[in-house]
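*Asks:* I am attaching a structure below and will ask some questions about it afterwards.
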Amino acid sequence: MGKAEHAWRRGFSRRQAIAGLGSFLAASPLLHAQRDPWPLGSHRRFMGFDEIRDVFDFEPLFRANVPLSTYDYSAHGTESEFTLYRNRDAFDWVQLVGGGGVAPAAVDTSTELFGHAMPSPIMLAPTSRQRDLHPDGELGMYRAATTTATTMIVSNASSFPYTRIAEEADGPLWYQRYATRELDPNREALDAGQEAGAQTIVVTIDQQATLYERDLHVRHLGGR
């Protein structure tokens, strides 16, 4: 057997070479620096109210003090929640960079949408079943929104009727509607919203989700 054949038989195979490269990359400190294997949320303690800085700090307290069904309804996404995770990752890459040397008084965040002037492009998205979280539900949310002239979009499945919410305060209020195949229910809901003073009708065209894998896991563990 020649030297070339001997080296070929005793050398690394392609599979061994790839496995060795993978082991090297897995142990590389450069790779570990890309993502924390133990993110902050996995070892976070319960913070006091005077320490909370954002909604993610509040989430562990919320989960520990409400029924599991209430937390899951607030936190879950459709099916395997893949889109929910991807959206969260995408927002993590968004960075707000303050402009140096700019006087805060000169900053103008106002905008206009559908002919309505807004102090900022921030609105309250339609969120259903708010009464599960607080007795005032959408009534309290609308009162809070009006203090900053923030537009609130009332959910199609709100805890209170749109007309009742509209009576609670005086501020910008829009109405969401999930379109159905039958025209009459759509027409009746839209007419009622307009009569109650809805400035804009927000039509959601995607179908409401009917499958939540989180619910399946809970039932398998003896949950609801």
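All residue names refer to the structure tokens as shown: chains lettered A, B, ... in order, residues numbered from 1 in each chain, ligands numbered from 1 in order.
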Determine, counting only C-alpha atoms, which protein, DNA and RNA residues have an atom within 9 Å of an atom of Ala145 in chain A; residues of the same chain fewer than 6 positions away are not included. Present the result as an NGL selection string.

*Replies:* :A and (123-124 or 151-152 or 171-172)

*Asks:* As a list in words, please: every residue in range 130-198 of chain A that a backbone DSSP assignment puts in alpha helix (DSSP H).

*Replies:*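 Answer for range 130-198 of chain A restricted to alpha helix (DSSP H) is Gly137, Glu138, Leu139, Gly140, Met141, Tyr142, Arg143, Ala144, Ala145, Thr146, Tyr162, Thr163, Arg164, Ile165, Ala166, Leu183, Asp184, Pro185, Asn186, Arg187, Glu188, Ala189, Leu190, Asp191, Ala192, Gly193, Gln194 and Glu195 of chain A.
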
*Asks:* Do you know which residues are at most 10 Å from Asp132 in chain A counting only C-alpha atoms, after dropping those on the same chain fewer than 3 positions away, and could you put them as JSON, numbers by chain?

*Replies:* {"A": [66, 67, 69, 70, 71, 73, 74, 128, 129, 135, 136, 137, 159]}

*Asks:* Going by DSSP on the backbone, which bits of range 38-140 of chain A are strand (DSSP E or B)? Write them as a VMD selection string, please.

*Replies:* chain A and resid 79 111 to 113 116 to 118 123 to 124

*Asks:* Have a look at CA of Glu79 in chain A and CA of Ile122 in chain A and let me know their distance in Å, one decimal.

*Replies:*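 Between these atoms lies a distance of 28.1 Å.
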
*Asks:* Got a sec: who's within 10 Å of range 192-200 of chain A, counting only C-alpha atoms, leaving out chain neighbours fewer than 4 positions off, as a PyMOL selection string?

*Replies:* chain A and resi 113-116+151+153-154+161-167+172-177+186-188

*Asks:* Find the distance between CA of Ile205 in chain A and CA of Ala179 in chain A and write it in Å to one decimal.

*Replies:*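 Distance between the two atoms: 6.4 Å.
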